[in-house]
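A.B. asks: Supplied in structure tokens, the structure appears directly below.
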Amino acid sequence: MAAGRSRPGRRGRTAAGAAVAAAVAVLVTGCGGDQQTATGRTSTAELSKLPQATTFTTLRGLPRDSAPSAETDGTVVNPAATLPVSAEPGGPPVAALPATQLDGPTWVPVIESRPGWHRVLLPSKPNGTTGWIPQSGGRLTTARSPYLVKVETGARRLTLVRSGRKIGAWTVAVGAAKTPTPAGRTFLLGLLKPSDPKPSPLIMPVGAHSETLDTFGGGPGTVAFHGWADESVFGRAVTHGCVRVPDDALTRLSKVPLGT
């Protein structure tokens, strides 16, 4: 698991890495005016009372990812201000997605769209939590990531794909039997530079957590990609759920957009 502010702990997406695995990448609420939803107005004060959709929280009452092995079209979004999150399009807000977390912008992948609404993967527990956010109001920045990051835990293999073409592959270390790297799709949540660059100068938390550890190093058990000084670990299942990668892979992953 990674150290650093996110203090990762669990899983990501096997064929996706959590480990940022998905096409796949780690809190503060943003400010803004009232939000208009299909059920009425959600004021800033009301949003502040809702649980925040961050890597530090557990959310209830939201749907789980029903296609954890599917690839998205690469659409990723970042809220300009805190947005309400609903269990269904037009439903009452049950959580709030902040504009930033882990000292960076909150970019999340779109997995489904309906008129006026996006369903996105969220970085909170339990793994695979999703929610619907409104598209209107000019409060979303939309982009597209051409990347896909796949982690095959059985083969201990990480593959980086851009626009459907493999551009890199490395042997990596994955979760041990008692602390496995979680399976399913997730996304790159952040890029951290720890004050102590050992064992890794960069840590890339993803939107998934260990399913066997409730916490790690004082953090919420967030899974991450990070480097490792001892190269003998590569090709082995020895981590607490994070994916340890060689230096070259770490450099390449650091250039992959958040939300991937």
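Each chain of the structure tokens is named A, B, ... in the order shown, its residues numbered from 1; ligands are numbered from 1 in display order.
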Pick out the residues sitting within 7 Å of Val245 in chain A, and hand them over as a list in words; count only C-alpha atoms, and ignore anything fewer than 3 positions along from it in its own chain.
C.D. replies: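 Counting only C-alpha atoms, the residues come to Val172, Ala173, Phe225, His226, Gly227, Trp228, Ala249 and Leu250 of chain A.
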A.B. asks: Write out as number ranges by chain the residues lying within 9 Å of range 49-59 of chain A, counting only C-alpha atoms and excluding same-chain residues fewer than 6 positions away.
C.D. replies: A: 6, 26-29, 84-85, 93-98, 101-102, 106, 122-126, 129, 189, 206-209, 219-222
A.B. asks: State, in Å with one decimal place, the distance from CA of Thr82 in chain A to CA of Ala99 in chain A.
C.D. replies: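 So the answer is 5.5 Å.
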A.B. asks: List every residue of range 140-227 of chain A that DSSP, applied to the backbone, labels as strand (DSSP E), and write the result as a PyMOL selection string.
C.D. replies: chain A and resi 140-144+147-152+157-162+165-171+174-175+203-209+222-226
A.B. asks: Extract, using only C-alpha atoms, all DNA, RNA and protein residues at most 7 Å from Ile133 in chain A, discarding same-chain residues fewer than 2 positions from it, and format them as a VMD selection string.
C.D. replies: chain A and resid 83 to 86 117 to 119 131 135
A.B. asks: Go through A:Ala143, A:Ile203, A:Leu47, A:Ala67 and flag the residue nearest Thr260 in chain A, using only C-alpha atoms for the distances.
C.D. replies: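 Using only C-alpha atoms, the shortest distance to Thr260 in chain A belongs to A:Ala143.
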A.B. asks: Work out how far apart CA of Glu46 in chain A and CA of Val120 in chain A are and give it in Å to one decimal.
C.D. replies: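 Atom-to-atom, CA of Glu46 in chain A and CA of Val120 in chain A are spaced 21.3 Å apart.
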A.B. asks: Would you kindly return, as a PDB file with C-alpha atoms, in the first residue's frame, each protein, DNA or RNA residue with an atom no farther than 8 Å from any atom of Ala80 in chain A, considering only C-alpha atoms and excluding same-chain residues fewer than 5 positions away?
C.D. replies:
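Result file out.pdb:
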```pdb
ATOM      1  CA  GLY A  30     -15.911  23.605  -3.170  1.00  0.00           C
ATOM      2  CA  ALA A  99     -14.494  19.853  -6.585  1.00  0.00           C
ATOM      3  CA  ARG A 139     -20.624  23.292 -13.203  1.00  0.00           C
ATOM      4  CA  LEU A 140     -18.912  20.394 -14.924  1.00  0.00           C
ATOM      5  CA  THR A 141     -15.680  20.365 -16.887  1.00  0.00           C
TER       6      THR A 141
END
```
A.B. asks: Fewer than 4 positions away in the same chain doesn't count, so skip those; otherwise give me all residues within 12 Å of Arg244 in chain A, counting only C-alpha atoms, as a PDB file with N, CA, C and O atoms, in the first residue's frame.
C.D. replies:
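Result went into out_8.pdb, see below:
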```pdb
ATOM      1  N   MET A   1       0.801  -1.166   0.000  1.00  0.00           N
ATOM      2  CA  MET A   1       0.000   0.000   0.000  1.00  0.00           C
ATOM      3  C   MET A   1       0.843   1.226   0.000  1.00  0.00           C
ATOM      4  O   MET A   1       1.966   1.195   0.384  1.00  0.00           O
ATOM      5  N   ALA A   2       0.253   2.266  -0.405  1.00  0.00           N
ATOM      6  CA  ALA A   2       1.036   3.456  -0.477  1.00  0.00           C
ATOM      7  C   ALA A   2       1.060   4.156   0.841  1.00  0.00           C
ATOM      8  O   ALA A   2       0.247   3.950   1.686  1.00  0.00           O
ATOM      9  N   ALA A   3       2.029   5.006   0.969  1.00  0.00           N
ATOM     10  CA  ALA A   3       2.070   5.815   2.163  1.00  0.00           C
ATOM     11  C   ALA A   3       1.530   7.163   1.783  1.00  0.00           C
ATOM     12  O   ALA A   3       0.740   7.276   0.913  1.00  0.00           O
ATOM     13  N   PRO A   8      -2.894   4.485   1.278  1.00  0.00           N
ATOM     14  CA  PRO A   8      -3.652   3.431   0.685  1.00  0.00           C
ATOM     15  C   PRO A   8      -3.617   2.148   1.449  1.00  0.00           C
ATOM     16  O   PRO A   8      -2.753   1.901   2.211  1.00  0.00           O
ATOM     17  N   GLY A  17      -6.376  -2.070 -12.373  1.00  0.00           N
ATOM     18  CA  GLY A  17      -5.518  -1.731 -11.425  1.00  0.00           C
ATOM     19  C   GLY A  17      -5.787  -1.094 -10.260  1.00  0.00           C
ATOM     20  O   GLY A  17      -5.290  -0.797  -9.627  1.00  0.00           O
ATOM     21  N   ALA A  18      -6.348  -0.867  -9.651  1.00  0.00           N
ATOM     22  CA  ALA A  18      -6.544  -0.210  -8.486  1.00  0.00           C
ATOM     23  C   ALA A  18      -5.591   0.511  -8.094  1.00  0.00           C
ATOM     24  O   ALA A  18      -5.360   1.227  -7.997  1.00  0.00           O
ATOM     25  N   ALA A  19      -6.130  -0.193  -8.211  1.00  0.00           N
ATOM     26  CA  ALA A  19      -5.244   0.069  -8.330  1.00  0.00           C
ATOM     27  C   ALA A  19      -5.505   0.763  -9.393  1.00  0.00           C
ATOM     28  O   ALA A  19      -5.657   0.628 -10.274  1.00  0.00           O
ATOM     29  N   VAL A  20      -5.994   1.787  -9.555  1.00  0.00           N
ATOM     30  CA  VAL A  20      -6.190   2.501 -10.694  1.00  0.00           C
ATOM     31  C   VAL A  20      -6.390   1.689 -11.794  1.00  0.00           C
ATOM     32  O   VAL A  20      -6.191   1.766 -12.764  1.00  0.00           O
ATOM     33  N   VAL A 151      -4.534  -4.093 -14.806  1.00  0.00           N
ATOM     34  CA  VAL A 151      -3.696  -4.870 -13.901  1.00  0.00           C
ATOM     35  C   VAL A 151      -4.276  -6.275 -13.821  1.00  0.00           C
ATOM     36  O   VAL A 151      -5.423  -6.457 -13.427  1.00  0.00           O
ATOM     37  N   THR A 153      -3.923  -9.445 -11.840  1.00  0.00           N
ATOM     38  CA  THR A 153      -3.276  -9.844 -10.591  1.00  0.00           C
ATOM     39  C   THR A 153      -2.669 -11.236 -10.676  1.00  0.00           C
ATOM     40  O   THR A 153      -1.627 -11.492 -10.078  1.00  0.00           O
ATOM     41  N   ARG A 156       0.420 -10.857 -12.501  1.00  0.00           N
ATOM     42  CA  ARG A 156       1.259  -9.781 -11.942  1.00  0.00           C
ATOM     43  C   ARG A 156       1.723  -8.856 -13.068  1.00  0.00           C
ATOM     44  O   ARG A 156       2.903  -8.521 -13.191  1.00  0.00           O
ATOM     45  N   ARG A 157       0.775  -8.434 -13.870  1.00  0.00           N
ATOM     46  CA  ARG A 157       1.104  -7.682 -15.077  1.00  0.00           C
ATOM     47  C   ARG A 157       0.302  -6.393 -15.149  1.00  0.00           C
ATOM     48  O   ARG A 157      -0.913  -6.386 -14.937  1.00  0.00           O
ATOM     49  N   LEU A 158       0.978  -5.284 -15.440  1.00  0.00           N
ATOM     50  CA  LEU A 158       0.313  -4.002 -15.672  1.00  0.00           C
ATOM     51  C   LEU A 158       0.516  -3.622 -17.130  1.00  0.00           C
ATOM     52  O   LEU A 158       1.647  -3.645 -17.627  1.00  0.00           O
ATOM     53  N   TRP A 170       4.476  -4.011 -17.841  1.00  0.00           N
ATOM     54  CA  TRP A 170       5.483  -4.246 -16.807  1.00  0.00           C
ATOM     55  C   TRP A 170       5.034  -5.350 -15.855  1.00  0.00           C
ATOM     56  O   TRP A 170       3.839  -5.550 -15.620  1.00  0.00           O
ATOM     57  N   THR A 171       5.998  -6.045 -15.290  1.00  0.00           N
ATOM     58  CA  THR A 171       5.742  -6.990 -14.211  1.00  0.00           C
ATOM     59  C   THR A 171       5.681  -6.193 -12.912  1.00  0.00           C
ATOM     60  O   THR A 171       6.564  -5.369 -12.641  1.00  0.00           O
ATOM     61  N   VAL A 172       4.655  -6.421 -12.113  1.00  0.00           N
ATOM     62  CA  VAL A 172       4.428  -5.624 -10.910  1.00  0.00           C
ATOM     63  C   VAL A 172       4.179  -6.526  -9.710  1.00  0.00           C
ATOM     64  O   VAL A 172       4.046  -7.747  -9.844  1.00  0.00           O
ATOM     65  N   ALA A 173       4.099  -5.929  -8.533  1.00  0.00           N
ATOM     66  CA  ALA A 173       3.731  -6.653  -7.312  1.00  0.00           C
ATOM     67  C   ALA A 173       2.295  -6.293  -6.961  1.00  0.00           C
ATOM     68  O   ALA A 173       1.894  -5.127  -7.067  1.00  0.00           O
ATOM     69  N   VAL A 174       1.522  -7.286  -6.552  1.00  0.00           N
ATOM     70  CA  VAL A 174       0.110  -7.075  -6.224  1.00  0.00           C
ATOM     71  C   VAL A 174      -0.173  -7.561  -4.813  1.00  0.00           C
ATOM     72  O   VAL A 174       0.716  -8.022  -4.094  1.00  0.00           O
ATOM     73  N   GLY A 175      -1.444  -7.468  -4.408  1.00  0.00           N
ATOM     74  CA  GLY A 175      -1.826  -7.825  -3.058  1.00  0.00           C
ATOM     75  C   GLY A 175      -1.590  -9.285  -2.709  1.00  0.00           C
ATOM     76  O   GLY A 175      -1.769 -10.181  -3.541  1.00  0.00           O
ATOM     77  N   ALA A 176      -1.208  -9.504  -1.465  1.00  0.00           N
ATOM     78  CA  ALA A 176      -1.011 -10.861  -0.960  1.00  0.00           C
ATOM     79  C   ALA A 176      -2.368 -11.550  -0.798  1.00  0.00           C
ATOM     80  O   ALA A 176      -3.421 -10.912  -0.876  1.00  0.00           O
ATOM     81  N   THR A 181      -5.399  -7.304  -3.994  1.00  0.00           N
ATOM     82  CA  THR A 181      -5.763  -6.131  -4.788  1.00  0.00           C
ATOM     83  C   THR A 181      -7.181  -6.353  -5.280  1.00  0.00           C
ATOM     84  O   THR A 181      -7.487  -7.377  -5.870  1.00  0.00           O
ATOM     85  N   PRO A 199       9.547   4.740   0.104  1.00  0.00           N
ATOM     86  CA  PRO A 199      10.098   3.954  -0.994  1.00  0.00           C
ATOM     87  C   PRO A 199       9.667   4.406  -2.377  1.00  0.00           C
ATOM     88  O   PRO A 199      10.074   3.829  -3.365  1.00  0.00           O
ATOM     89  N   SER A 200       8.803   5.460  -2.468  1.00  0.00           N
ATOM     90  CA  SER A 200       8.320   5.880  -3.776  1.00  0.00           C
ATOM     91  C   SER A 200       8.224   7.406  -3.835  1.00  0.00           C
ATOM     92  O   SER A 200       7.643   8.023  -2.936  1.00  0.00           O
ATOM     93  N   LEU A 202       6.444   9.042  -5.923  1.00  0.00           N
ATOM     94  CA  LEU A 202       5.085   9.374  -6.326  1.00  0.00           C
ATOM     95  C   LEU A 202       4.119   8.290  -5.848  1.00  0.00           C
ATOM     96  O   LEU A 202       4.480   7.112  -5.803  1.00  0.00           O
ATOM     97  N   ILE A 203       2.926   8.715  -5.507  1.00  0.00           N
ATOM     98  CA  ILE A 203       1.874   7.784  -5.123  1.00  0.00           C
ATOM     99  C   ILE A 203       0.619   8.181  -5.886  1.00  0.00           C
ATOM    100  O   ILE A 203       0.233   9.353  -5.891  1.00  0.00           O
ATOM    101  N   MET A 204       0.003   7.214  -6.547  1.00  0.00           N
ATOM    102  CA  MET A 204      -1.204   7.484  -7.321  1.00  0.00           C
ATOM    103  C   MET A 204      -2.378   6.702  -6.753  1.00  0.00           C
ATOM    104  O   MET A 204      -2.635   5.555  -7.144  1.00  0.00           O
ATOM    105  N   PRO A 205      -3.106   7.303  -5.801  1.00  0.00           N
ATOM    106  CA  PRO A 205      -4.286   6.645  -5.239  1.00  0.00           C
ATOM    107  C   PRO A 205      -5.354   6.451  -6.308  1.00  0.00           C
ATOM    108  O   PRO A 205      -5.449   7.233  -7.257  1.00  0.00           O
ATOM    109  N   VAL A 223      -6.366   2.117  -2.086  1.00  0.00           N
ATOM    110  CA  VAL A 223      -5.409   1.412  -2.933  1.00  0.00           C
ATOM    111  C   VAL A 223      -4.700   2.425  -3.822  1.00  0.00           C
ATOM    112  O   VAL A 223      -5.274   3.451  -4.190  1.00  0.00           O
ATOM    113  N   ALA A 224      -3.458   2.121  -4.179  1.00  0.00           N
ATOM    114  CA  ALA A 224      -2.702   3.059  -5.019  1.00  0.00           C
ATOM    115  C   ALA A 224      -1.672   2.333  -5.855  1.00  0.00           C
ATOM    116  O   ALA A 224      -1.313   1.181  -5.595  1.00  0.00           O
ATOM    117  N   PHE A 225      -1.176   3.057  -6.862  1.00  0.00           N
ATOM    118  CA  PHE A 225       0.016   2.650  -7.597  1.00  0.00           C
ATOM    119  C   PHE A 225       1.169   3.401  -6.962  1.00  0.00           C
ATOM    120  O   PHE A 225       1.065   4.595  -6.687  1.00  0.00           O
ATOM    121  N   HIS A 226       2.282   2.722  -6.752  1.00  0.00           N
ATOM    122  CA  HIS A 226       3.474   3.423  -6.275  1.00  0.00           C
ATOM    123  C   HIS A 226       4.694   2.577  -6.591  1.00  0.00           C
ATOM    124  O   HIS A 226       4.598   1.401  -6.948  1.00  0.00           O
ATOM    125  N   GLY A 227       5.864   3.208  -6.467  1.00  0.00           N
ATOM    126  CA  GLY A 227       7.106   2.510  -6.754  1.00  0.00           C
ATOM    127  C   GLY A 227       7.578   1.700  -5.564  1.00  0.00           C
ATOM    128  O   GLY A 227       6.930   1.659  -4.514  1.00  0.00           O
ATOM    129  N   TRP A 228       8.719   1.059  -5.736  1.00  0.00           N
ATOM    130  CA  TRP A 228       9.297   0.255  -4.655  1.00  0.00           C
ATOM    131  C   TRP A 228      10.788   0.116  -4.904  1.00  0.00           C
ATOM    132  O   TRP A 228      11.211  -0.178  -6.022  1.00  0.00           O
ATOM    133  N   ALA A 229      11.586   0.337  -3.855  1.00  0.00           N
ATOM    134  CA  ALA A 229      13.036   0.334  -4.007  1.00  0.00           C
ATOM    135  C   ALA A 229      13.603  -1.061  -4.266  1.00  0.00           C
ATOM    136  O   ALA A 229      14.586  -1.219  -4.988  1.00  0.00           O
ATOM    137  N   ASP A 230      13.001  -2.084  -3.682  1.00  0.00           N
ATOM    138  CA  ASP A 230      13.494  -3.455  -3.822  1.00  0.00           C
ATOM    139  C   ASP A 230      12.824  -4.120  -5.018  1.00  0.00           C
ATOM    140  O   ASP A 230      11.668  -4.516  -4.956  1.00  0.00           O
ATOM    141  N   GLU A 231      13.541  -4.267  -6.099  1.00  0.00           N
ATOM    142  CA  GLU A 231      12.966  -4.809  -7.327  1.00  0.00           C
ATOM    143  C   GLU A 231      12.602  -6.288  -7.221  1.00  0.00           C
ATOM    144  O   GLU A 231      11.889  -6.806  -8.079  1.00  0.00           O
ATOM    145  N   SER A 232      13.044  -6.959  -6.172  1.00  0.00           N
ATOM    146  CA  SER A 232      12.745  -8.387  -6.042  1.00  0.00           C
ATOM    147  C   SER A 232      11.265  -8.656  -5.788  1.00  0.00           C
ATOM    148  O   SER A 232      10.802  -9.792  -5.921  1.00  0.00           O
ATOM    149  N   VAL A 233      10.497  -7.615  -5.445  1.00  0.00           N
ATOM    150  CA  VAL A 233       9.074  -7.823  -5.168  1.00  0.00           C
ATOM    151  C   VAL A 233       8.258  -7.971  -6.454  1.00  0.00           C
ATOM    152  O   VAL A 233       7.157  -8.542  -6.430  1.00  0.00           O
ATOM    153  N   PHE A 234       8.782  -7.472  -7.568  1.00  0.00           N
ATOM    154  CA  PHE A 234       8.002  -7.485  -8.798  1.00  0.00           C
ATOM    155  C   PHE A 234       7.770  -8.919  -9.280  1.00  0.00           C
ATOM    156  O   PHE A 234       8.684  -9.739  -9.307  1.00  0.00           O
ATOM    157  N   GLY A 235       6.525  -9.203  -9.617  1.00  0.00           N
ATOM    158  CA  GLY A 235       6.147 -10.552 -10.001  1.00  0.00           C
ATOM    159  C   GLY A 235       5.606 -11.362  -8.842  1.00  0.00           C
ATOM    160  O   GLY A 235       5.270 -12.538  -9.015  1.00  0.00           O
ATOM    161  N   ARG A 236       5.472 -10.724  -7.668  1.00  0.00           N
ATOM    162  CA  ARG A 236       5.017 -11.444  -6.480  1.00  0.00           C
ATOM    163  C   ARG A 236       3.738 -10.829  -5.923  1.00  0.00           C
ATOM    164  O   ARG A 236       3.427  -9.653  -6.160  1.00  0.00           O
ATOM    165  N   ALA A 237       2.998 -11.603  -5.163  1.00  0.00           N
ATOM    166  CA  ALA A 237       1.790 -11.137  -4.481  1.00  0.00           C
ATOM    167  C   ALA A 237       2.155 -10.902  -3.018  1.00  0.00           C
ATOM    168  O   ALA A 237       2.054 -11.806  -2.187  1.00  0.00           O
ATOM    169  N   VAL A 238       2.600  -9.693  -2.705  1.00  0.00           N
ATOM    170  CA  VAL A 238       3.172  -9.431  -1.389  1.00  0.00           C
ATOM    171  C   VAL A 238       2.684  -8.128  -0.748  1.00  0.00           C
ATOM    172  O   VAL A 238       3.074  -7.820   0.375  1.00  0.00           O
ATOM    173  N   THR A 239       1.829  -7.352  -1.415  1.00  0.00           N
ATOM    174  CA  THR A 239       1.463  -6.040  -0.889  1.00  0.00           C
ATOM    175  C   THR A 239       0.201  -6.116  -0.026  1.00  0.00           C
ATOM    176  O   THR A 239      -0.451  -7.147   0.078  1.00  0.00           O
ATOM    177  N   HIS A 240      -0.148  -4.964   0.545  1.00  0.00           N
ATOM    178  CA  HIS A 240      -1.379  -4.870   1.326  1.00  0.00           C
ATOM    179  C   HIS A 240      -2.578  -4.561   0.437  1.00  0.00           C
ATOM    180  O   HIS A 240      -3.659  -4.245   0.942  1.00  0.00           O
ATOM    181  N   ASP A 248      10.008   2.990 -14.396  1.00  0.00           N
ATOM    182  CA  ASP A 248       9.528   3.423 -15.705  1.00  0.00           C
ATOM    183  C   ASP A 248       8.008   3.456 -15.755  1.00  0.00           C
ATOM    184  O   ASP A 248       7.406   4.393 -16.291  1.00  0.00           O
ATOM    185  N   ALA A 249       7.381   2.447 -15.180  1.00  0.00           N
ATOM    186  CA  ALA A 249       5.921   2.404 -15.139  1.00  0.00           C
ATOM    187  C   ALA A 249       5.374   3.558 -14.302  1.00  0.00           C
ATOM    188  O   ALA A 249       4.360   4.183 -14.664  1.00  0.00           O
ATOM    189  N   LEU A 250       6.033   3.866 -13.198  1.00  0.00           N
ATOM    190  CA  LEU A 250       5.603   4.960 -12.335  1.00  0.00           C
ATOM    191  C   LEU A 250       5.637   6.289 -13.093  1.00  0.00           C
ATOM    192  O   LEU A 250       4.693   7.087 -13.020  1.00  0.00           O
ATOM    193  N   LEU A 253       2.788   6.266 -15.694  1.00  0.00           N
ATOM    194  CA  LEU A 253       1.474   6.411 -15.064  1.00  0.00           C
ATOM    195  C   LEU A 253       1.227   7.823 -14.557  1.00  0.00           C
ATOM    196  O   LEU A 253       0.095   8.305 -14.555  1.00  0.00           O
TER     197      LEU A 253
END
```
A.B. asks: In Å to one decimal, how far is CA of Trp132 in chain A from CA of Tyr147 in chain A?
C.D. replies: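 These atoms are spaced 23.4 Å apart.
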